[in-house]
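Source file: input_26.txt. Holds: compact mmCIF, C-alpha atoms and all ligand atoms.
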```
# COMPACT_ATOMS: atom_id res chain seq x y z
CA MET U 1 91.74 141.15 112.08
CA TRP U 2 91.08 137.40 112.35
CA PHE U 3 89.47 135.35 109.57
CA GLU U 4 87.83 132.14 110.78
CA ALA U 5 86.82 129.25 108.54
CA LYS U 6 84.85 126.22 109.63
CA VAL U 7 85.06 123.41 107.12
CA PRO U 8 83.41 120.02 107.68
CA SER U 9 84.94 116.66 107.01
CA ASN U 10 83.38 114.38 104.43
CA ILE U 11 82.81 110.65 104.32
CA ALA U 12 83.47 109.00 100.96
CA PHE U 13 80.71 106.74 99.68
CA LEU U 14 82.75 105.92 96.59
CA LYS U 15 86.39 106.17 97.61
CA TYR U 16 89.27 108.13 96.19
CA TRP U 17 91.95 105.50 96.35
CA GLY U 18 95.13 105.57 94.26
CA LYS U 19 96.56 108.45 92.23
CA ARG U 20 97.35 108.77 88.56
CA ASP U 21 99.86 111.48 89.36
CA ALA U 22 100.82 112.24 92.96
CA ALA U 23 102.61 115.53 92.20
CA LEU U 24 99.53 116.87 90.40
CA GLN U 25 97.14 115.27 92.91
CA TRP U 26 95.32 113.55 90.07
CA PRO U 27 93.16 110.69 91.40
CA ALA U 28 92.89 107.29 89.73
CA ASN U 29 89.08 107.46 89.78
CA ASP U 30 86.04 109.65 90.34
CA SER U 31 84.70 109.70 93.91
CA LEU U 32 81.49 110.63 95.69
CA SER U 33 81.05 111.74 99.29
CA MET U 34 78.67 113.10 101.88
CA THR U 35 79.75 116.33 103.55
CA LEU U 36 79.36 116.14 107.30
CA ASP U 37 77.96 118.75 109.63
CA GLY U 38 79.53 118.86 113.10
CA LEU U 39 82.79 116.99 112.48
CA ALA U 40 84.72 119.97 111.26
CA THR U 41 87.99 121.87 111.50
CA VAL U 42 87.98 125.47 112.69
CA THR U 43 90.93 127.58 111.56
CA LYS U 44 91.58 131.19 112.53
CA VAL U 45 94.16 133.26 110.65
CA LYS U 46 95.53 136.79 110.77
CA VAL U 47 98.27 138.48 108.77
CA LEU U 48 101.24 139.49 110.92
CA SER U 49 101.68 142.99 109.55
CA ASP U 50 105.26 143.44 110.71
CA HIS U 51 106.49 140.14 109.21
CA ASN U 52 107.04 139.71 105.50
CA LEU U 53 107.74 136.44 103.70
CA LYS U 54 110.07 138.22 101.26
CA SER U 55 112.33 139.33 104.11
CA LYS U 56 112.58 135.77 105.45
CA GLY U 57 109.68 136.12 107.90
CA GLU U 58 107.96 132.92 109.01
CA HIS U 59 104.35 131.94 109.72
CA LYS U 60 103.27 130.98 113.23
CA PHE U 61 101.18 127.80 113.19
CA PHE U 62 99.36 126.34 116.21
CA PHE U 63 97.54 123.00 116.08
CA ALA U 64 95.20 122.40 119.05
CA GLY U 65 97.07 125.11 120.97
CA GLU U 66 100.55 123.70 120.32
CA GLU U 67 103.00 125.49 118.07
CA LYS U 68 104.24 123.41 115.11
CA TYR U 69 107.26 124.30 113.01
CA ARG U 70 108.39 123.89 109.42
CA ASP U 71 110.49 120.83 110.23
CA ASP U 72 107.88 119.06 112.44
CA PRO U 73 106.17 116.09 110.76
CA GLU U 74 102.76 117.75 111.41
CA GLY U 75 103.97 121.21 110.36
CA ALA U 76 105.85 120.31 107.16
CA LYS U 77 102.81 119.74 104.94
CA VAL U 78 101.13 122.94 106.14
CA PHE U 79 104.19 125.14 105.58
CA LYS U 80 104.77 123.60 102.15
CA PHE U 81 101.15 124.24 101.24
CA LEU U 82 101.32 127.88 102.40
CA ASP U 83 104.59 128.37 100.46
CA GLY U 84 102.82 127.10 97.32
CA LEU U 85 99.93 129.56 97.77
CA ALA U 86 102.20 132.52 98.57
CA GLN U 87 104.36 131.83 95.52
CA ARG U 88 101.48 131.32 93.13
CA PHE U 89 99.54 134.44 94.14
CA ASP U 90 102.43 136.57 95.36
CA PHE U 91 101.00 136.80 98.89
CA ARG U 92 103.66 138.46 101.06
CA GLY U 93 102.41 138.62 104.65
CA CYS U 94 103.33 136.03 107.26
CA LEU U 95 100.32 134.43 108.94
CA GLU U 96 99.43 133.45 112.47
CA ILE U 97 97.26 130.34 112.29
CA HIS U 98 95.31 128.53 115.00
CA THR U 99 93.55 125.34 114.03
CA LYS U 100 91.57 122.71 115.89
CA ASN U 101 89.60 119.64 114.89
CA GLN U 102 86.24 118.95 116.47
CA PHE U 103 87.06 115.21 116.41
CA PRO U 104 90.10 112.95 117.04
CA THR U 105 92.78 113.38 114.37
CA GLY U 106 94.25 110.77 112.03
CA CYS U 107 92.02 107.79 112.82
CA GLY U 108 89.74 107.35 109.85
CA ILE U 109 87.83 110.61 109.91
CA ALA U 110 89.17 112.70 107.06
CA SER U 111 90.91 115.31 109.19
CA SER U 112 93.17 116.25 106.30
CA ALA U 113 90.07 117.07 104.21
CA SER U 114 88.55 119.49 106.71
CA GLY U 115 92.02 120.67 107.79
CA PHE U 116 93.24 121.71 104.34
CA GLY U 117 89.78 123.00 103.47
CA ALA U 118 89.74 125.34 106.48
CA LEU U 119 93.37 126.37 106.03
CA THR U 120 92.81 127.26 102.36
CA ILE U 121 89.74 129.39 103.04
CA ALA U 122 91.05 131.13 106.17
CA ALA U 123 94.54 131.82 104.79
CA ILE U 124 93.32 133.20 101.47
CA ALA U 125 90.59 135.22 103.22
CA ALA U 126 93.27 136.77 105.46
CA TRP U 127 95.65 137.47 102.58
CA THR U 128 92.91 139.00 100.41
CA LYS U 129 90.97 140.59 103.34
CA SER U 130 87.78 138.78 102.29
CA GLU U 131 85.16 138.79 105.03
CA SER U 132 82.78 136.25 103.47
CA LEU U 133 82.73 133.48 100.89
CA ALA U 134 80.96 135.91 98.52
CA GLU U 135 83.79 138.42 98.95
CA LEU U 136 86.36 135.70 98.34
CA GLU U 137 84.61 134.97 95.07
CA GLN U 138 84.63 138.68 94.13
CA ASN U 139 88.37 138.65 94.82
CA GLY U 140 88.86 135.83 92.32
CA PHE U 141 88.54 132.80 94.60
CA SER U 142 85.34 130.92 93.81
CA LEU U 143 84.54 127.76 95.77
CA SER U 144 85.66 125.71 92.75
CA SER U 145 89.04 127.41 92.59
CA LEU U 146 89.51 127.13 96.38
CA ALA U 147 88.64 123.43 96.18
CA GLN U 148 91.29 122.89 93.51
CA LEU U 149 93.87 124.66 95.69
CA ALA U 150 92.92 122.67 98.81
CA ARG U 151 93.22 119.45 96.78
CA MET U 152 96.97 120.09 96.51
CA GLY U 153 97.17 119.79 100.32
CA SER U 154 94.91 116.74 100.51
CA GLY U 155 92.86 115.29 97.69
CA SER U 156 89.69 114.57 99.66
CA ALA U 157 89.64 118.23 100.85
CA CYS U 158 88.18 119.35 97.52
CA ARG U 159 84.91 117.52 98.32
CA SER U 160 84.38 119.49 101.55
CA PHE U 161 83.69 122.77 99.72
CA TRP U 162 80.04 121.97 99.11
CA GLY U 163 77.33 120.71 101.37
CA GLY U 164 75.26 117.62 100.68
CA TYR U 165 76.58 114.98 98.29
CA VAL U 166 79.64 115.86 96.25
CA ARG U 167 81.33 114.35 93.18
CA TRP U 168 84.98 114.74 92.33
CA GLU U 169 85.60 113.80 88.70
CA ALA U 170 89.15 112.82 87.71
CA GLY U 171 88.84 114.08 84.11
CA GLU U 172 90.87 113.21 81.02
CA ASN U 173 93.94 114.96 82.37
CA ALA U 174 94.92 116.46 85.72
CA ASP U 175 93.80 119.97 84.70
CA LEU U 176 90.34 118.75 83.74
CA GLN U 177 89.43 117.36 87.14
CA ARG U 178 86.48 119.05 88.76
CA CYS U 179 84.47 118.82 91.89
CA GLN U 180 80.83 119.80 92.29
CA GLN U 181 77.74 119.25 94.37
CA ALA U 182 75.71 116.31 93.10
CA LEU U 183 72.74 116.79 95.46
CA PRO U 184 72.10 119.31 98.26
CA SER U 185 71.91 118.32 101.94
CA GLU U 186 68.12 118.87 102.05
CA HIS U 187 67.69 116.17 99.44
CA TRP U 188 68.24 113.34 101.93
CA ALA U 189 68.96 113.71 105.65
CA LEU U 190 71.37 110.81 106.11
CA THR U 191 73.28 110.39 109.35
CA ASP U 192 76.82 109.15 110.01
CA THR U 193 77.63 107.49 113.34
CA VAL U 194 81.39 107.06 113.68
CA VAL U 195 82.20 104.15 115.98
CA LEU U 196 85.63 104.80 117.48
CA PHE U 197 87.72 101.70 118.05
CA SER U 198 90.94 103.64 118.11
CA GLU U 199 91.63 107.32 118.57
CA ALA U 200 95.37 106.87 118.02
CA LYS U 201 97.05 108.37 114.98
CA LYS U 202 97.44 105.73 112.26
CA ALA U 203 100.84 104.16 111.74
CA ARG U 204 100.84 104.72 107.98
CA SER U 205 99.39 107.83 106.37
CA SER U 206 96.82 107.43 103.61
CA SER U 207 99.04 109.57 101.33
CA GLN U 208 101.74 106.88 101.57
CA ALA U 209 99.28 103.99 101.16
CA HIS U 210 97.62 105.64 98.11
CA LEU U 211 100.87 105.27 96.17
CA ASP U 212 100.95 101.49 96.66
CA ALA U 213 97.45 100.90 95.25
CA TRP U 214 98.77 100.11 91.75
CA SER U 215 100.74 97.14 93.11
CA SER U 216 97.55 95.34 94.19
CA PRO U 217 96.34 92.74 91.68
CA LEU U 218 92.80 93.91 92.49
CA PHE U 219 93.29 97.56 91.69
CA LYS U 220 92.95 97.58 87.90
CA VAL U 221 89.88 95.33 88.12
CA ARG U 222 88.38 97.76 90.62
CA LEU U 223 88.92 100.76 88.33
CA VAL U 224 86.94 99.07 85.53
CA GLU U 225 83.98 98.47 87.88
CA LEU U 226 83.89 101.92 89.36
CA ARG U 227 82.19 103.88 86.61
CA SER U 228 79.01 101.83 86.80
CA ARG U 229 79.17 101.73 90.61
CA LEU U 230 79.35 105.52 90.70
CA GLU U 231 76.29 105.88 88.48
CA ALA U 232 74.40 103.29 90.54
CA MET U 233 75.25 105.16 93.76
CA HIS U 234 74.25 108.47 92.28
CA GLN U 235 70.90 107.05 91.22
CA ALA U 236 70.35 105.45 94.64
CA LEU U 237 70.99 108.84 96.25
CA GLU U 238 68.73 110.59 93.79
CA SER U 239 65.87 108.22 94.54
CA ARG U 240 66.67 108.05 98.29
CA ASP U 241 66.88 104.29 97.99
CA MET U 242 68.70 102.84 101.02
CA ASP U 243 68.21 99.26 99.84
CA ARG U 244 70.31 100.09 96.78
CA LEU U 245 72.76 102.53 98.33
CA GLY U 246 73.61 100.45 101.43
CA PRO U 247 75.06 97.33 99.76
CA LEU U 248 77.05 99.55 97.35
CA LEU U 249 78.57 101.41 100.32
CA GLU U 250 79.70 98.19 101.95
CA THR U 251 81.11 96.61 98.78
CA GLU U 252 83.00 99.81 98.09
CA ALA U 253 84.58 100.09 101.54
CA LEU U 254 85.56 96.41 101.69
CA GLU U 255 86.99 96.53 98.19
CA MET U 256 89.17 99.55 99.01
CA HIS U 257 90.48 97.74 102.09
CA ALA U 258 91.08 94.59 100.01
CA VAL U 259 93.21 96.72 97.66
CA MET U 260 95.15 98.15 100.62
CA MET U 261 95.68 94.71 102.15
CA SER U 262 96.80 93.12 98.87
CA ALA U 263 99.17 95.96 97.90
CA ARG U 264 102.94 95.79 98.35
CA PRO U 265 103.70 96.88 100.99
CA ALA U 266 100.31 95.96 102.43
CA THR U 267 98.49 98.36 104.72
CA TYR U 268 96.07 97.00 107.32
CA PHE U 269 93.79 99.63 108.81
CA PHE U 270 91.32 97.14 110.32
CA ASP U 271 91.68 96.24 114.00
CA HIS U 272 90.21 93.04 115.42
CA GLU U 273 87.52 95.26 117.02
CA THR U 274 86.61 96.47 113.51
CA ALA U 275 86.15 92.90 112.29
CA ASP U 276 84.18 91.81 115.39
CA PHE U 277 81.92 94.82 115.03
CA LEU U 278 81.20 94.12 111.35
CA VAL U 279 80.16 90.53 112.13
CA TRP U 280 77.86 91.73 114.92
CA PHE U 281 76.48 94.56 112.78
CA ARG U 282 75.48 92.27 109.91
CA GLU U 283 73.88 89.77 112.30
CA GLN U 284 71.79 92.45 114.01
CA ARG U 285 70.71 93.95 110.69
CA ALA U 286 69.75 90.50 109.40
CA LYS U 287 67.49 90.17 112.49
CA GLY U 288 65.70 93.32 111.30
CA LEU U 289 66.78 95.45 114.29
CA PHE U 290 67.85 98.39 112.14
CA LYS U 291 68.42 99.36 108.53
CA ALA U 292 71.91 100.83 108.44
CA TYR U 293 75.05 100.19 106.39
CA PHE U 294 78.73 100.72 107.02
CA THR U 295 81.61 102.34 105.27
CA ILE U 296 85.22 102.65 106.46
CA ASP U 297 87.93 105.12 105.47
CA ALA U 298 91.67 104.79 106.01
CA GLY U 299 91.44 103.82 109.68
CA PRO U 300 89.95 101.21 112.01
CA ASN U 301 86.79 103.15 112.83
CA VAL U 302 83.46 102.39 111.22
CA HIS U 303 80.99 104.92 109.79
CA VAL U 304 77.39 103.74 110.07
CA ILE U 305 75.15 105.42 107.49
CA ALA U 306 71.41 105.48 108.12
CA GLU U 307 68.28 107.58 108.01
CA PRO U 308 67.65 109.37 111.36
CA GLY U 309 65.08 106.90 112.80
CA GLU U 310 67.29 103.95 111.85
CA GLN U 311 70.30 105.64 113.46
CA GLN U 312 68.36 105.66 116.74
CA ALA U 313 67.48 101.96 116.30
CA PHE U 314 71.16 101.18 115.61
CA LEU U 315 72.32 103.16 118.66
CA ARG U 316 69.92 101.30 120.95
CA CYS U 317 71.48 97.97 119.91
CA PHE U 318 75.00 99.37 119.93
CA SER U 319 74.67 100.81 123.46
CA LYS U 320 73.61 97.39 124.75
CA ASP U 321 76.43 95.37 123.18
CA PHE U 322 79.30 97.83 122.63
CA SER U 323 78.93 100.32 125.46
CA LYS U 324 82.69 100.44 126.09
CA TYR U 325 83.30 102.19 122.74
CA ARG U 326 82.74 105.87 122.11
CA TYR U 327 80.91 107.08 119.04
CA LEU U 328 80.41 110.41 117.28
CA SER U 329 77.02 111.20 115.86
CA ASP U 330 76.76 113.41 112.80
CA CYS U 331 74.67 113.98 109.70
CA VAL U 332 74.85 115.48 106.24
CA GLY U 333 75.80 119.17 106.41
CA SER U 334 75.69 122.28 104.33
CA GLY U 335 79.38 123.05 103.71
CA PRO U 336 82.02 125.64 104.67
CA GLN U 337 81.57 128.88 106.58
CA LEU U 338 83.75 131.96 106.82
CA GLY U 339 83.55 134.75 109.38
CA PHE U 340 85.83 137.42 110.86
CA SER U 341 86.50 139.16 114.17
CA ASN U 342 88.75 141.95 115.39
C1 LIG Y 1 90.30 106.56 102.31
O1 LIG Y 1 92.67 112.77 100.73
O2 LIG Y 1 93.73 111.75 102.78
O3 LIG Y 1 89.62 108.75 102.94
O4 LIG Y 1 95.37 113.28 98.81
O5 LIG Y 1 97.15 111.93 99.87
O6 LIG Y 1 95.96 113.68 101.22
P1 LIG Y 1 95.88 112.66 100.08
O7 LIG Y 1 94.84 111.56 100.55
P2 LIG Y 1 93.48 111.68 101.31
O8 LIG Y 1 92.82 110.26 100.95
C2 LIG Y 1 91.55 109.94 101.41
C3 LIG Y 1 91.32 108.50 101.24
C4 LIG Y 1 90.03 107.98 101.82
C5 LIG Y 1 88.94 107.91 100.78
C6 LIG Y 1 88.29 109.21 100.39
O9 LIG Y 1 88.16 110.13 101.22
O10 LIG Y 1 87.81 109.26 99.24
```

As structure tokens, what does this structure read like?
Ligand code: DP6
Amino acid sequence: MWFEAKVPSNIAFLKYWGKRDAALQWPANDSLSMTLDGLATVTKVKVLSDHNLKSKGEHKFFFAGEEKYRDDPEGAKVFKFLDGLAQRFDFRGCLEIHTKNQFPTGCGIASSASGFGALTIAAIAAWTKSESLAELEQNGFSLSSLAQLARMGSGSACRSFWGGYVRWEAGENADLQRCQQALPSEHWALTDTVVLFSEAKKARSSSQAHLDAWSSPLFKVRLVELRSRLEAMHQALESRDMDRLGPLLETEALEMHAVMMSARPATYFFDHETADFLVWFREQRAKGLFKAYFTIDAGPNVHVIAEPGEQQAFLRCFSKDFSKYRYLSDCVGSGPQLGFSN
């Protein structure tokens, strides 16, 4: 029997950048994101009944149709994550796993968030024979506990377990962190248009770059500011106030990149296309052609956040001036799904 999870990616409005403790996956600050709809990872898992982990059996893991192994760079994190789950819950069966992203991997769309989200749900559903999210909960795996497990694979994954707008609070110690929905998707139908300047995998992973954040002279100053910025963003979302939310989104994204660029070693995720686009974007907005704002994750691509009518206005301008670049159009979504087939 196959268990199939579809877990969307999320775009951070207030970024998780820097860790207090990397081993415990304890973030330096609280973060806030919008869960996406179509940009998702789909992962299908079954238990291989004749292979047992205790008798040195091994999982079979396929990413986009290609088998990956324990010592592959792409396989290592997945196998380590599965080992952690099997050990903690005494799961014994080896798994066959097929996973695919519905978007390009490793270029500023949080593929690790949807990837570890979908792996966590599908693997635990297969191991516990849970056919729905409700059954997973009955078997002891609530969304909150699954989110905490997924976080160990990739921090931002914990925010993909709810639809709408989600807050991940760092807490007083690593065990007190929690993640929860701040507002449901129906509250405000925002869109995200991802402008793709590069579909190549990034040279430096965000996990590596996170660790350098503390070396930036800007980082500690940023952490002091963030509490009030988070509350201001939350209020702007609550009151569906784009004039307040938009500038906060842009400050936040640029500040995170300033921290990355001023860290030692420095990480530059911007391409010259990213910079050219931002100049154009601000000029067009100042002319009153659309009301949209940008944010950028750990990659060169730009996420344009807007209400649906304004997304159309933005795309009309974009298609005239930037027609050589591809874009992905998405919107706020309602969270993970789990199904099964024979
Ligand atoms: C820039 O969750 O990818 O997207 O926990 O090391 O896997 P790890 O990092 P990851 O970091 C995401 C960073 C970000 C901002 C965000 O999503 O909040």

Can you pull out every residue within 12 Å of Phe277 of chain U, counting only C-alpha atoms, but drop anything in the same chain fewer than 5 positions away, and send it as an mmCIF file with C-alpha atoms, in the frame of the given file?
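Writing the result to part02.cif gives the following:
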```
data_model
loop_
_atom_site.group_PDB
_atom_site.id
_atom_site.type_symbol
_atom_site.label_atom_id
_atom_site.label_comp_id
_atom_site.auth_asym_id
_atom_site.auth_seq_id
_atom_site.Cartn_x
_atom_site.Cartn_y
_atom_site.Cartn_z
ATOM 1 C CA VAL U 195 82.200 104.150 115.980
ATOM 2 C CA LEU U 196 85.630 104.800 117.480
ATOM 3 C CA PHE U 197 87.720 101.700 118.050
ATOM 4 C CA PHE U 270 91.320 97.140 110.320
ATOM 5 C CA ASP U 271 91.680 96.240 114.000
ATOM 6 C CA HIS U 272 90.210 93.040 115.420
ATOM 7 C CA ARG U 282 75.480 92.270 109.910
ATOM 8 C CA GLU U 283 73.880 89.770 112.300
ATOM 9 C CA GLN U 284 71.790 92.450 114.010
ATOM 10 C CA PHE U 294 78.730 100.720 107.020
ATOM 11 C CA PRO U 300 89.950 101.210 112.010
ATOM 12 C CA ASN U 301 86.790 103.150 112.830
ATOM 13 C CA VAL U 302 83.460 102.390 111.220
ATOM 14 C CA HIS U 303 80.990 104.920 109.790
ATOM 15 C CA VAL U 304 77.390 103.740 110.070
ATOM 16 C CA CYS U 317 71.480 97.970 119.910
ATOM 17 C CA PHE U 318 75.000 99.370 119.930
ATOM 18 C CA ASP U 321 76.430 95.370 123.180
ATOM 19 C CA PHE U 322 79.300 97.830 122.630
ATOM 20 C CA TYR U 325 83.300 102.190 122.740
#
```

Report as lines of an AutoDock Vina configuration file the centre and the edge lengths, in Å to one decimal, of the axis-aligned box holding every listed atom of ligand LIG 1 (chain Y), padded by 5 Å on each side.
```
center_x = 92.5
center_y = 110.1
center_z = 100.9
size_x = 19.3
size_y = 17.1
size_z = 14.1
```

Exercise. Could you give me, as a list in words, the residues within 12 Å of Trp127 of chain U, counting all atoms listed in the file and dropping anything in the same chain fewer than 4 positions from it?
Key: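 Using all atoms listed in the file, the neighbours found are Met1, Trp2, Phe3, Val45, Lys46, Val47, Leu48, Ser49, Asn52, Leu82, Leu85, Ala86, Phe89, Asp90, Phe91, Arg92, Gly93, Cys94, Leu95, Glu96, Leu119, Thr120, Ile121, Ala122, Ala123, Glu131, Leu136, Asn139 and Phe141 of chain U.
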
Quiz prompt | Test item: residues no farther than 6 Å from ligand LIG 1 (chain Y), counting all atoms listed in the file, as a list in words | solution =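 With all atoms listed in the file and a cut-off of 6 Å, ligand LIG 1 (chain Y) is contacted by Ala12, Lys15, Tyr16, Trp17, Ala110, Ser112, Ser154, Gly155, Ser156, Ser206, Ser207, Asp297 and Ala298 of chain U.
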
Quiz prompt | Residue neighbourhood His257 of chain U, 9 Å, all atoms listed in the file, exclusion window fewer than 2 positions, as a list in words | solution =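 The residues satisfying every condition are Glu252, Ala253, Leu254, Glu255, Val259, Met260, Met261, Ser262, Thr267, Tyr268, Phe269, Phe270, Ile296, Asp297 and Ala298 of chain U.
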
Quiz prompt | Two-atom distance - atom CA of Gln25 of chain U, atom CA of Gln177 of chain U (Å) | solution = 9.9 Å

Quiz item: In Å, with one decimal, what is the gap from atom CA of Leu32 of chain U to atom CA of Glu310 of chain U?
Solution: 22.5 Å

Exercise. Identify which of the residues U:Ser228, U:Gln337, U:Ser239, U:Thr274 lies closest to His187 of chain U, counting all atoms listed in the file when measuring atom-to-atom distances.
Key: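 Answer, going by the shortest atom-to-atom distance: U:Ser239.
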
Quiz item: So which one's closest to Phe62 of chain U, U:Ala189, U:Ala40, U:Ile97, U:Ala182? Using all atoms listed in the file, please.
Solution: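 Residue with the minimum atom-to-atom distance to Phe62 of chain U: U:Ile97.
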
Quiz item: In Å, how far is it from atom CA of Glu186 of chain U to atom CA of Val332 of chain U?
Solution: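 It comes out at 8.6 Å.
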
For segment 213-256 of chain U versus segment 164-170 of chain U, which residues have an atom no more than 12 Å away, and what is each residue's nearest atom pair and distance in Å rounded to one decimal, using only C-alpha atoms, chain-then-number order, as CSV?
```
residue,atom,partner,partner_atom,distance
U:Arg227,CA,U:Glu169,CA,10.7
U:Leu230,CA,U:Arg167,CA,9.4
U:Glu231,CA,U:Arg167,CA,10.9
U:Met233,CA,U:Tyr165,CA,10.9
U:His234,CA,U:Tyr165,CA,9.2
U:Ala236,CA,U:Tyr165,CA,12.0
U:Leu237,CA,U:Tyr165,CA,8.6
U:Glu238,CA,U:Tyr165,CA,10.1
```

Exercise. Would you kindly return, as a VMD selection string, each protein, DNA or RNA residue with an atom no farther than 8 Å from any atom of Ser144 of chain U, considering all atoms listed in the file and excluding same-chain residues fewer than 2 positions away?
Key: chain U and resid 141 to 142 146 to 148 161 178 to 180

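With all atoms listed in the file as the atoms that count, the minimum distance from Glu137 of chain U to the choices U:Ala64, U:Leu226, U:Ile124, U:Ala209 is reached by U:Ile124.
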
Exercise. Determine the nearest neighbour of Arg159 of chain U from the options U:Ala174, U:Val221, U:Leu211, U:Leu36, counting all atoms listed in the file.
Key: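 Of U:Ala174, U:Val221, U:Leu211, U:Leu36, the one nearest Arg159 of chain U is U:Leu36, counting all atoms listed in the file.
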
Quiz prompt | Option closest in space to Leu24 of chain U, from U:Gly65, U:Gly153, U:Gly163, U:Pro73 [counting only C-alpha atoms] | solution =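 Looking only at the distances to Leu24 of chain U, the closest residue turns out to be U:Gly153.
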
Exercise. Show me as JSON, numbers by chain the residues that reach within 9 Å of (85.0, 138.4, 109.4), counting only C-alpha atoms and using the file's own coordinates.
Key: {"U": [1, 2, 3, 4, 125, 129, 130, 131, 132, 338, 339, 340, 341, 342]}

Quiz prompt | Residue nearest Ala266 of chain U - candidates U:Arg229, U:Arg326, U:Arg285, U:Arg204, atoms counted: all atoms listed in the file | solution =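 Residue with the minimum atom-to-atom distance to Ala266 of chain U: U:Arg204.
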